[in-house]
>>> print(open('run11.tsv').read())   # TSV, C-alpha atoms
chain	number	residue	atom	x	y	z
A	1	MET	CA	173.37	-57.69	-2.53
A	2	MET	CA	172.82	-56.90	-6.20
A	3	GLN	CA	169.26	-56.44	-7.48
A	4	LYS	CA	168.19	-59.25	-9.80
A	5	THR	CA	167.69	-58.16	-13.39
A	6	ILE	CA	164.16	-58.89	-14.60
A	7	LYS	CA	164.42	-60.38	-18.08
A	8	ARG	CA	161.06	-62.05	-18.61
A	9	ILE	CA	157.65	-61.68	-16.94
A	10	GLY	CA	154.29	-63.37	-17.29
A	11	VAL	CA	150.82	-61.84	-17.23
A	12	LEU	CA	147.50	-63.57	-16.62
A	13	THR	CA	143.83	-62.74	-16.13
A	14	SER	CA	141.84	-64.73	-13.59
A	15	GLY	CA	138.35	-64.92	-12.13
A	16	GLY	CA	135.43	-63.06	-13.71
A	17	ASP	CA	136.30	-61.07	-16.82
A	18	SER	CA	135.78	-57.32	-16.94
A	19	PRO	CA	136.05	-54.67	-19.67
A	20	GLY	CA	139.54	-53.17	-19.59
A	21	MET	CA	141.45	-56.38	-18.89
A	22	ASN	CA	142.85	-56.32	-22.42
A	23	ALA	CA	143.99	-52.73	-21.93
A	24	ALA	CA	145.87	-53.85	-18.82
A	25	VAL	CA	147.45	-56.80	-20.66
A	26	ARG	CA	148.53	-54.46	-23.45
A	27	ALA	CA	150.05	-52.03	-20.96
A	28	VAL	CA	151.98	-54.82	-19.22
A	29	ALA	CA	153.34	-56.15	-22.52
A	30	ARG	CA	154.33	-52.76	-23.92
A	31	THR	CA	155.83	-51.53	-20.65
A	32	ALA	CA	157.84	-54.74	-20.44
A	33	GLN	CA	159.27	-53.99	-23.89
A	34	HIS	CA	160.06	-50.46	-22.73
A	35	PHE	CA	162.14	-51.88	-19.87
A	36	ASN	CA	163.79	-54.46	-22.15
A	37	MET	CA	161.86	-57.39	-20.73
A	38	GLU	CA	160.10	-60.20	-22.58
A	39	CYS	CA	156.41	-60.71	-21.80
A	40	ILE	CA	154.65	-64.08	-21.81
A	41	GLY	CA	150.86	-64.27	-21.69
A	42	ILE	CA	149.57	-67.09	-19.48
A	43	ARG	CA	146.23	-68.27	-20.83
A	44	ARG	CA	143.31	-69.39	-18.65
A	45	GLY	CA	144.55	-67.92	-15.40
A	46	TRP	CA	146.29	-69.96	-12.72
A	47	GLN	CA	145.26	-73.18	-14.47
A	48	GLY	CA	147.26	-72.08	-17.49
A	49	LEU	CA	150.30	-71.63	-15.31
A	50	ILE	CA	149.90	-75.22	-14.15
A	51	ASN	CA	149.41	-76.53	-17.69
A	52	SER	CA	152.09	-74.36	-19.31
A	53	ASP	CA	149.46	-72.75	-21.56
A	54	PHE	CA	151.13	-69.60	-22.86
A	55	VAL	CA	151.62	-67.20	-25.75
A	56	ILE	CA	154.42	-64.72	-26.45
A	57	LEU	CA	153.14	-61.15	-26.14
A	58	ASP	CA	155.23	-59.07	-28.52
A	59	ALA	CA	154.15	-55.76	-30.04
A	60	ALA	CA	152.07	-57.47	-32.74
A	61	ALA	CA	150.22	-59.69	-30.25
A	62	VAL	CA	148.75	-56.76	-28.31
A	63	ARG	CA	148.08	-54.47	-31.26
A	64	HIS	CA	144.45	-53.25	-31.51
A	65	ILE	CA	143.31	-54.87	-28.23
A	66	LEU	CA	143.01	-51.65	-26.21
A	67	GLY	CA	139.29	-51.31	-26.93
A	68	LEU	CA	138.35	-54.99	-26.92
A	69	GLY	CA	136.07	-56.38	-24.23
A	70	GLY	CA	136.78	-59.67	-22.46
A	71	THR	CA	140.36	-60.92	-22.30
A	72	ILE	CA	142.52	-62.33	-25.10
A	73	LEU	CA	144.25	-64.49	-22.48
A	74	TYR	CA	140.93	-66.08	-21.45
A	75	THR	CA	140.12	-66.58	-17.81
A	76	ALA	CA	139.26	-69.49	-15.57
A	77	ARG	CA	139.04	-70.52	-11.95
A	78	SER	CA	141.40	-73.27	-10.84
A	79	ASP	CA	140.67	-75.63	-7.97
A	80	GLU	CA	143.94	-77.41	-8.73
A	81	PHE	CA	145.96	-74.27	-8.05
A	82	MET	CA	144.51	-74.17	-4.54
A	83	THR	CA	146.31	-77.43	-3.78
A	84	GLU	CA	149.97	-77.69	-2.81
A	85	LYS	CA	150.68	-80.01	-5.73
A	86	GLY	CA	149.03	-77.60	-8.17
A	87	ARG	CA	151.09	-74.66	-6.95
A	88	GLU	CA	154.25	-76.74	-7.23
A	89	LYS	CA	153.39	-77.37	-10.89
A	90	ALA	CA	152.84	-73.63	-11.38
A	91	VAL	CA	156.26	-72.85	-9.90
A	92	GLY	CA	157.73	-75.49	-12.20
A	93	THR	CA	156.21	-73.71	-15.20
A	94	CYS	CA	157.71	-70.41	-14.05
A	95	LYS	CA	161.14	-72.05	-13.86
A	96	MET	CA	160.74	-73.78	-17.21
A	97	LEU	CA	159.72	-70.55	-18.96
A	98	GLY	CA	162.29	-68.50	-17.08
A	99	LEU	CA	159.71	-66.12	-15.64
A	100	ASP	CA	161.15	-63.62	-13.19
A	101	GLY	CA	157.72	-62.37	-12.12
A	102	ILE	CA	153.96	-62.59	-12.71
A	103	VAL	CA	151.42	-59.78	-13.13
A	104	ALA	CA	148.04	-61.15	-12.01
A	105	ILE	CA	144.96	-59.23	-13.16
A	106	GLY	CA	141.68	-59.97	-11.35
A	107	GLY	CA	139.98	-59.78	-7.97
A	108	ASP	CA	140.41	-61.10	-4.43
A	109	GLY	CA	140.63	-64.73	-5.52
A	110	THR	CA	143.34	-63.85	-8.01
A	111	PHE	CA	145.30	-62.04	-5.32
A	112	ARG	CA	145.02	-64.97	-2.91
A	113	GLY	CA	146.58	-67.12	-5.61
A	114	ALA	CA	149.28	-64.52	-6.14
A	115	LEU	CA	150.05	-64.46	-2.43
A	116	GLU	CA	150.48	-68.24	-2.34
A	117	LEU	CA	152.79	-68.09	-5.36
A	118	SER	CA	154.87	-65.31	-3.80
A	119	ARG	CA	155.34	-67.45	-0.67
A	120	LEU	CA	156.95	-70.04	-2.95
A	121	GLY	CA	159.48	-67.51	-4.17
A	122	VAL	CA	157.85	-66.18	-7.36
A	123	PRO	CA	157.68	-62.35	-7.47
A	124	VAL	CA	154.13	-61.17	-8.20
A	125	MET	CA	152.20	-57.94	-8.69
A	126	GLY	CA	148.40	-57.68	-8.65
A	127	VAL	CA	146.14	-55.44	-10.73
A	128	PRO	CA	142.50	-55.11	-9.53
A	129	ALA	CA	139.91	-55.81	-12.22
A	130	THR	CA	136.28	-56.57	-11.40
A	131	ILE	CA	132.98	-54.93	-12.35
A	132	ASP	CA	131.87	-55.27	-8.71
A	133	ASN	CA	134.36	-52.61	-7.51
A	134	ASP	CA	134.56	-54.51	-4.22
A	135	ILE	CA	138.34	-54.75	-3.78
A	136	GLY	CA	139.02	-53.24	-0.36
A	137	CYS	CA	142.47	-51.84	-1.06
A	138	SER	CA	141.56	-49.86	-4.18
A	139	ASN	CA	139.08	-47.03	-4.61
A	140	TYR	CA	138.46	-48.18	-8.16
A	141	THR	CA	138.69	-51.44	-10.08
A	142	ILE	CA	139.00	-51.95	-13.83
A	143	GLY	CA	135.65	-52.66	-15.47
A	144	PHE	CA	133.32	-50.87	-13.04
A	145	ASP	CA	132.67	-47.83	-15.20
A	146	SER	CA	132.05	-49.93	-18.31
A	147	ALA	CA	129.60	-52.20	-16.47
A	148	CYS	CA	127.77	-49.18	-15.06
A	149	ASN	CA	127.42	-47.62	-18.50
A	150	THR	CA	126.16	-50.89	-19.99
A	151	ALA	CA	123.52	-51.20	-17.27
A	152	ILE	CA	122.52	-47.54	-17.63
A	153	ASP	CA	122.10	-47.91	-21.39
A	154	CYS	CA	119.91	-51.00	-20.93
A	155	ILE	CA	117.78	-49.39	-18.23
A	156	ASP	CA	117.30	-46.21	-20.29
A	157	LYS	CA	115.87	-48.38	-23.07
A	158	LEU	CA	113.64	-50.20	-20.59
A	159	ARG	CA	112.41	-46.88	-19.25
A	160	ASP	CA	111.23	-45.86	-22.72
A	161	THR	CA	108.88	-48.83	-22.94
A	162	MET	CA	107.86	-48.59	-19.28
A	163	GLN	CA	106.78	-44.99	-19.86
A	164	SER	CA	104.83	-45.98	-22.94
A	165	HIS	CA	102.88	-48.65	-21.07
A	166	GLU	CA	102.81	-46.97	-17.64
A	167	ARG	CA	104.45	-49.92	-15.93
A	168	CYS	CA	106.87	-50.81	-13.17
A	169	SER	CA	110.24	-52.32	-14.04
A	170	VAL	CA	112.40	-54.32	-11.64
A	171	VAL	CA	115.98	-54.63	-12.87
A	172	GLU	CA	118.59	-56.86	-11.27
A	173	VAL	CA	122.23	-55.85	-11.76
A	174	MET	CA	125.41	-57.73	-10.87
A	175	GLY	CA	127.79	-57.03	-8.02
A	176	ARG	CA	127.96	-60.29	-6.02
A	177	ASN	CA	127.57	-59.27	-2.37
A	178	ALA	CA	128.30	-55.58	-2.94
A	179	GLY	CA	125.94	-52.77	-3.89
A	180	PHE	CA	128.39	-50.37	-5.56
A	181	LEU	CA	127.15	-51.10	-9.07
A	182	ALA	CA	123.45	-51.01	-8.16
A	183	LEU	CA	123.67	-47.74	-6.22
A	184	TYR	CA	125.73	-45.95	-8.87
A	185	VAL	CA	123.39	-47.12	-11.62
A	186	GLY	CA	120.28	-46.36	-9.57
A	187	ILE	CA	121.32	-42.74	-9.08
A	188	ALA	CA	122.28	-42.41	-12.75
A	189	VAL	CA	118.89	-43.66	-14.04
A	190	GLY	CA	116.74	-41.89	-11.46
A	191	ALA	CA	115.44	-45.10	-9.91
A	192	THR	CA	112.36	-45.04	-7.70
A	193	ALA	CA	114.18	-47.33	-5.27
A	194	VAL	CA	117.49	-49.20	-5.06
A	195	LEU	CA	118.02	-52.33	-2.97
A	196	VAL	CA	121.57	-53.14	-1.87
A	197	PRO	CA	122.89	-55.89	0.44
A	198	GLU	CA	124.66	-53.39	2.71
A	199	ARG	CA	121.37	-51.88	3.86
A	200	GLU	CA	118.54	-53.81	5.48
A	201	VAL	CA	115.40	-53.43	3.40
A	202	ASP	CA	112.07	-52.32	4.86
A	203	PHE	CA	110.01	-53.48	1.89
A	204	GLU	CA	106.90	-51.52	2.82
A	205	GLU	CA	108.81	-48.28	3.40
A	206	ASP	CA	111.64	-48.60	0.87
A	207	VAL	CA	109.67	-49.98	-2.07
A	208	VAL	CA	105.89	-50.06	-1.69
A	209	GLU	CA	105.46	-46.63	-0.12
A	210	ARG	CA	107.84	-45.06	-2.63
A	211	ILE	CA	105.79	-46.45	-5.50
A	212	ARG	CA	102.56	-45.21	-3.90
A	213	GLN	CA	103.94	-41.73	-3.21
A	214	ALA	CA	105.34	-41.50	-6.73
A	215	ARG	CA	101.94	-42.42	-8.16
A	216	LEU	CA	100.20	-39.83	-5.96
A	217	SER	CA	102.67	-37.27	-7.33
A	218	GLY	CA	101.61	-38.04	-10.89
A	219	VAL	CA	104.27	-40.56	-11.87
A	220	THR	CA	102.94	-43.48	-13.92
A	221	HIS	CA	106.11	-45.57	-14.36
A	222	PHE	CA	108.50	-46.87	-11.71
A	223	MET	CA	112.05	-48.21	-11.81
A	224	ILE	CA	113.36	-50.50	-9.07
A	225	VAL	CA	117.06	-51.44	-9.22
A	226	VAL	CA	118.16	-54.53	-7.26
A	227	ALA	CA	121.70	-55.65	-6.53
A	228	GLU	CA	122.00	-59.41	-7.01
A	229	GLY	CA	123.20	-59.78	-3.42
A	230	ALA	CA	120.08	-58.02	-2.10
A	231	GLY	CA	117.57	-60.58	-3.33
A	232	SER	CA	115.87	-62.00	-6.39
A	233	ALA	CA	114.31	-59.47	-8.76
A	234	ILE	CA	111.66	-62.05	-9.63
A	235	GLU	CA	110.62	-62.43	-5.99
A	236	ILE	CA	110.66	-58.67	-5.46
A	237	GLY	CA	108.49	-58.20	-8.55
A	238	ALA	CA	105.99	-60.72	-7.16
A	239	LYS	CA	105.87	-58.91	-3.81
A	240	ILE	CA	105.25	-55.58	-5.56
A	241	LYS	CA	102.36	-57.11	-7.50
A	242	GLU	CA	100.83	-58.46	-4.31
A	243	ALA	CA	101.26	-55.17	-2.41
A	244	VAL	CA	100.11	-52.58	-4.94
A	245	GLY	CA	98.33	-54.56	-7.63
A	246	ILE	CA	100.60	-53.67	-10.56
A	247	ASP	CA	102.32	-56.29	-12.69
A	248	PRO	CA	106.06	-55.43	-12.82
A	249	ARG	CA	108.28	-56.43	-15.71
A	250	VAL	CA	111.42	-58.11	-14.38
A	251	THR	CA	114.77	-57.91	-16.19
A	252	VAL	CA	117.95	-59.65	-15.02
A	253	LEU	CA	120.81	-57.99	-16.91
A	254	GLY	CA	123.29	-60.73	-16.03
A	255	HIS	CA	126.57	-61.16	-17.90
A	256	ILE	CA	125.78	-58.54	-20.53
A	257	GLN	CA	127.32	-56.14	-18.01
A	258	ARG	CA	130.71	-57.83	-18.41
A	259	GLY	CA	130.77	-57.50	-22.18
A	260	GLY	CA	131.41	-54.72	-24.64
A	261	ALA	CA	134.19	-52.26	-25.24
A	262	PRO	CA	135.69	-50.63	-22.13
A	263	THR	CA	135.00	-46.97	-21.48
A	264	GLY	CA	137.70	-44.34	-21.65
A	265	ARG	CA	138.04	-44.39	-17.87
A	266	ASP	CA	138.65	-48.13	-17.79
A	267	ARG	CA	141.12	-48.02	-20.68
A	268	GLU	CA	143.11	-45.22	-19.07
A	269	THR	CA	143.02	-46.72	-15.55
A	270	ALA	CA	143.99	-50.17	-16.83
A	271	THR	CA	146.88	-48.68	-18.79
A	272	ARG	CA	148.21	-46.81	-15.77
A	273	MET	CA	147.90	-49.82	-13.49
A	274	GLY	CA	149.58	-52.16	-15.97
A	275	TYR	CA	152.42	-49.69	-16.44
A	276	TYR	CA	153.04	-49.29	-12.69
A	277	ALA	CA	152.97	-53.06	-12.11
A	278	VAL	CA	155.83	-53.61	-14.55
A	279	LYS	CA	157.66	-50.49	-13.38
A	280	ALA	CA	157.65	-51.95	-9.85
A	281	PHE	CA	159.39	-55.08	-11.16
A	282	ALA	CA	161.92	-52.96	-13.03
A	283	GLU	CA	162.71	-51.09	-9.82
A	284	GLY	CA	163.09	-54.27	-7.79
A	285	ARG	CA	159.74	-54.34	-5.99
A	286	SER	CA	157.09	-57.08	-5.90
A	287	GLY	CA	154.47	-58.66	-3.69
A	288	SER	CA	151.93	-55.83	-3.90
A	289	VAL	CA	148.63	-54.86	-5.48
A	290	ILE	CA	148.54	-51.75	-7.67
A	291	CYS	CA	145.73	-49.58	-6.27
A	292	THR	CA	144.07	-46.23	-6.73
A	293	GLN	CA	143.86	-44.12	-3.59
A	294	ASP	CA	142.46	-40.59	-3.85
A	295	GLY	CA	143.00	-40.64	-7.61
A	296	LYS	CA	146.65	-41.65	-7.35
A	297	ILE	CA	148.35	-44.97	-8.07
A	298	THR	CA	149.94	-46.66	-5.09
A	299	GLU	CA	151.13	-50.12	-4.00
A	300	ILE	CA	149.86	-52.11	-1.04
A	301	PRO	CA	151.39	-55.45	0.06
A	302	ILE	CA	149.11	-58.30	-1.04
A	303	GLU	CA	148.66	-59.74	2.46
A	304	GLU	CA	147.64	-56.33	3.79
A	305	ALA	CA	145.45	-55.63	0.76
A	306	LEU	CA	143.45	-58.83	1.27
A	307	LYS	CA	142.60	-57.79	4.83
A	308	MET	CA	141.21	-54.41	3.79
A	309	GLU	CA	137.46	-53.83	3.47
A	310	LYS	CA	135.50	-51.40	1.36
A	311	HIS	CA	132.21	-50.00	2.59
A	312	LEU	CA	129.37	-48.63	0.49
A	313	GLN	CA	129.30	-44.83	0.52
A	314	MET	CA	126.00	-44.40	2.34
A	315	TYR	CA	125.97	-40.68	1.55
A	316	ARG	CA	125.17	-41.76	-2.01
A	317	TYR	CA	122.14	-43.62	-0.70
A	318	GLU	CA	121.06	-40.49	1.18
A	319	ILE	CA	121.30	-38.55	-2.09
A	320	LEU	CA	119.17	-41.16	-3.85
A	321	GLU	CA	116.53	-41.04	-1.12
A	322	ALA	CA	116.38	-37.23	-1.24
A	323	ILE	CA	116.13	-37.06	-5.02
A	324	SER	CA	113.51	-39.82	-5.33
A	325	SER	CA	111.48	-38.80	-2.28
A	326	PRO	CA	107.86	-37.65	-2.72
A	327	ARG	CA	108.97	-34.04	-2.16
A	328	GLY	CA	111.50	-34.33	-4.96
A	329	LEU	CA	108.82	-35.66	-7.31
A	330	LYS	CA	106.42	-32.75	-6.88
>>> encode(input="run11.tsv", output="structure tokens")
Amino acid sequence: MMQKTIKRIGVLTSGGDSPGMNAAVRAVARTAQHFNMECIGIRRGWQGLINSDFVILDAAAVRHILGLGGTILYTARSDEFMTEKGREKAVGTCKMLGLDGIVAIGGDGTFRGALELSRLGVPVMGVPATIDNDIGCSNYTIGFDSACNTAIDCIDKLRDTMQSHERCSVVEVMGRNAGFLALYVGIAVGATAVLVPEREVDFEEDVVERIRQARLSGVTHFMIVVAEGAGSAIEIGAKIKEAVGIDPRVTVLGHIQRGGAPTGRDRETATRMGYYAVKAFAEGRSGSVICTQDGKITEIPIEEALKMEKHLQMYRYEILEAISSPRGLK
């Protein structure tokens, strides 16, 4: 049986945006041109595939987007695509546009949509992009490094004013139900304590006693980093005030972590992943997620990828505890 020639592919971004998505879109479009394919950008994720909302991605369309934050294709979540009728419309759009495959850039929800589309006969490849870094099949996801650096920059500025006023700061970072972002950032900013959903919190031991011991060691300002899945920073600030009598300043960084230009790591990783996704199509493969494993690019079937879990590296938490312990402060 002869391998089908791929003449035209689509690319979309879905779910939460992350810095580096544009770099991935650019890589898909330019690699498609390299393999003599046309590339069509599907706007607004799976909903755009239903509504036939598209743009032609030629060389001019992706020029100068490598360092842009957000996504030029926009992103959205689609309840309609989760219905059989919605997916039938999406397949109809693929036929109408003559798409021989779709590169879907996003997280788990995006890949679930891709799996459903593949079951209807449309070849797909997934590219993991989320600031949460919680995709089980891939060691790294596009946007994580940029989000970390944004949070670190914000917290460094907060630390300056906390030191000036000898105060406690409680900072809530994103990450959904995963603590990867919070733990990485907490180590990088020298936090007094970090709260993550993967580890049960003993508030007296993990927060209050650390603040007390730091104060006894001569420290007059304290930084508490909280993953959004570990609790409300506002409530934690109130508990700190009640326990030790200081009035913490609470900052919820929110969606600022998703914005801004991607770092070099995210631009380079996104470019490699986008390239390998299109290369797989050119070589007759589909139905997988492009992943990083031990620093190398690999492919894992979507169905298998969705079953994989990623666990927080608790050795990083041990490092944090050792560095921020009372002994380390003396």
>>> axis_aligned_box(input="run11.tsv", around="stretch 103-120 of chain A", padding_each_side="4 Å", output="lines of an AutoDock Vina configuration file")
center_x = 148.5
center_y = -64.6
center_z = -6.9
size_x = 25.0
size_y = 18.8
size_z = 20.5
>>> closest_atom_pairs(input="run11.tsv", of="stretch 77-160 of chain A", to="stretch 311-323 of chain A", cutoff="12 Å", atoms="all atoms listed in the file", output="CSV")
residue,atom,partner,partner_atom,distance
A:Asp132,CA,A:Leu312,CA,11.6
A:Asn133,CA,A:Leu312,CA,10.2
A:Asp134,CA,A:His311,CA,8.5
A:Ile135,CA,A:His311,CA,10.0
A:Gly136,CA,A:His311,CA,8.1
A:Cys137,CA,A:His311,CA,11.0
A:Ser138,CA,A:His311,CA,11.5
A:Asn139,CA,A:His311,CA,10.4
>>> residues_around(input="run11.tsv", residues="A:Arg176", least_positions_apart="4", cutoff="8 Å", atoms="all atoms listed in the file", output="VMD selection string")
chain A and resid 132 227 to 229
>>> closest_residue(input="run11.tsv", among="A:Met82, A:Ala23, A:Val103, A:Ala238", to="A:Ile65", atoms="only C-alpha atoms")
A:Ala23
>>> atom_distance(input="run11.tsv", atom1="atom CA of A:Ile187", atom2="atom CA of A:Gly237")
20.1 Å
>>> residues_around(input="run11.tsv", residues="stretch 250-256 of chain A", least_positions_apart="6", cutoff="12 Å", atoms="all atoms listed in the file", output="number ranges by chain")
A: 16-19, 69-70, 131, 146-155, 157-159, 162, 167-176, 182, 222-228, 231-241
>>> residues_around(input="run11.tsv", residues="A:Pro123", least_positions_apart="4", cutoff="6 Å", atoms="all atoms listed in the file", output="compact mmCIF listing (two decimals) with C-alpha atoms, in the frame of the given file")
# COMPACT_ATOMS: atom_id res chain seq x y z
CA GLY A 101 157.72 -62.37 -12.12
CA SER A 118 154.87 -65.31 -3.80
CA SER A 286 157.09 -57.08 -5.90
>>> closest_residue(input="run11.tsv", among="A:Glu80, A:Glu304, A:Asp266, A:Glu38", to="A:Ile56", atoms="all atoms listed in the file")
A:Glu38
>>> atom_distance(input="run11.tsv", atom1="atom CA of A:Arg8", atom2="atom CA of A:Asp58")
11.9 Å
>>> closest_residue(input="run11.tsv", among="A:Leu68, A:Val196, A:Ala59, A:Leu183", to="A:Gly259", atoms="only C-alpha atoms")
A:Leu68
>>> build_atoms(input="run11.tsv", residues="stretch 128-137 of chain A", atoms="all heavy atoms", output="JSON list (two decimals), keeping the file's coordinate frame")
[["chain", "number", "residue", "atom", "x", "y", "z"],
["A", 128, "PRO", "N", 143.91, -54.84, -9.84],
["A", 128, "PRO", "CA", 142.50, -55.11, -9.53],
["A", 128, "PRO", "C", 141.57, -54.87, -10.72],
["A", 128, "PRO", "O", 141.50, -53.76, -11.27],
["A", 128, "PRO", "CB", 142.19, -54.14, -8.39],
["A", 128, "PRO", "CG", 143.15, -53.01, -8.59],
["A", 128, "PRO", "CD", 144.39, -53.62, -9.17],
["A", 129, "ALA", "N", 140.86, -55.91, -11.12],
["A", 129, "ALA", "CA", 139.91, -55.81, -12.22],
["A", 129, "ALA", "C", 138.66, -56.61, -11.89],
["A", 129, "ALA", "O", 138.71, -57.83, -11.81],
["A", 129, "ALA", "CB", 140.54, -56.32, -13.52],
["A", 130, "THR", "N", 137.57, -55.94, -11.65],
["A", 130, "THR", "CA", 136.28, -56.57, -11.40],
["A", 130, "THR", "C", 135.19, -55.53, -11.54],
["A", 130, "THR", "O", 135.34, -54.40, -11.05],
["A", 130, "THR", "CB", 136.19, -57.23, -10.02],
["A", 130, "THR", "OG1", 134.82, -57.57, -9.73],
["A", 130, "THR", "CG2", 136.70, -56.32, -8.91],
["A", 131, "ILE", "N", 134.08, -55.89, -12.18],
["A", 131, "ILE", "CA", 132.98, -54.93, -12.35],
["A", 131, "ILE", "C", 132.31, -54.62, -11.02],
["A", 131, "ILE", "O", 131.59, -53.64, -10.91],
["A", 131, "ILE", "CB", 131.94, -55.43, -13.36],
["A", 131, "ILE", "CG1", 131.18, -56.64, -12.83],
["A", 131, "ILE", "CG2", 132.58, -55.72, -14.71],
["A", 131, "ILE", "CD1", 129.95, -57.02, -13.66],
["A", 132, "ASP", "N", 132.54, -55.47, -10.00],
["A", 132, "ASP", "CA", 131.87, -55.27, -8.71],
["A", 132, "ASP", "C", 132.45, -54.11, -7.91],
["A", 132, "ASP", "O", 131.80, -53.61, -6.99],
["A", 132, "ASP", "CB", 131.98, -56.55, -7.87],
["A", 132, "ASP", "CG", 131.44, -57.77, -8.59],
["A", 132, "ASP", "OD1", 130.51, -57.62, -9.41],
["A", 132, "ASP", "OD2", 131.96, -58.88, -8.36],
["A", 133, "ASN", "N", 133.67, -53.70, -8.22],
["A", 133, "ASN", "CA", 134.36, -52.61, -7.51],
["A", 133, "ASN", "C", 134.44, -52.87, -6.01],
["A", 133, "ASN", "O", 134.38, -51.96, -5.18],
["A", 133, "ASN", "CB", 133.66, -51.26, -7.76],
["A", 133, "ASN", "CG", 134.56, -50.07, -7.48],
["A", 133, "ASN", "OD1", 135.78, -50.15, -7.63],
["A", 133, "ASN", "ND2", 133.98, -48.96, -7.08],
["A", 134, "ASP", "N", 134.60, -54.14, -5.64],
["A", 134, "ASP", "CA", 134.56, -54.51, -4.22],
["A", 134, "ASP", "C", 135.92, -54.92, -3.66],
["A", 134, "ASP", "O", 135.99, -55.62, -2.65],
["A", 134, "ASP", "CB", 133.56, -55.65, -4.00],
["A", 134, "ASP", "CG", 133.91, -56.91, -4.79],
["A", 134, "ASP", "OD1", 134.83, -56.86, -5.64],
["A", 134, "ASP", "OD2", 133.27, -57.95, -4.57],
["A", 135, "ILE", "N", 137.01, -54.47, -4.29],
["A", 135, "ILE", "CA", 138.34, -54.75, -3.78],
["A", 135, "ILE", "C", 138.68, -53.70, -2.72],
["A", 135, "ILE", "O", 138.76, -52.50, -3.01],
["A", 135, "ILE", "CB", 139.39, -54.71, -4.91],
["A", 135, "ILE", "CG1", 139.02, -55.71, -6.01],
["A", 135, "ILE", "CG2", 140.78, -55.01, -4.35],
["A", 135, "ILE", "CD1", 138.95, -57.14, -5.56],
["A", 136, "GLY", "N", 138.88, -54.16, -1.49],
["A", 136, "GLY", "CA", 139.02, -53.24, -0.36],
["A", 136, "GLY", "C", 140.17, -52.27, -0.45],
["A", 136, "GLY", "O", 140.08, -51.13, 0.02],
["A", 137, "CYS", "N", 141.27, -52.67, -1.07],
["A", 137, "CYS", "CA", 142.47, -51.84, -1.06],
["A", 137, "CYS", "C", 142.46, -50.74, -2.11],
["A", 137, "CYS", "O", 143.28, -49.83, -2.06],
["A", 137, "CYS", "CB", 143.71, -52.72, -1.26],
["A", 137, "CYS", "SG", 143.75, -53.57, -2.86]]
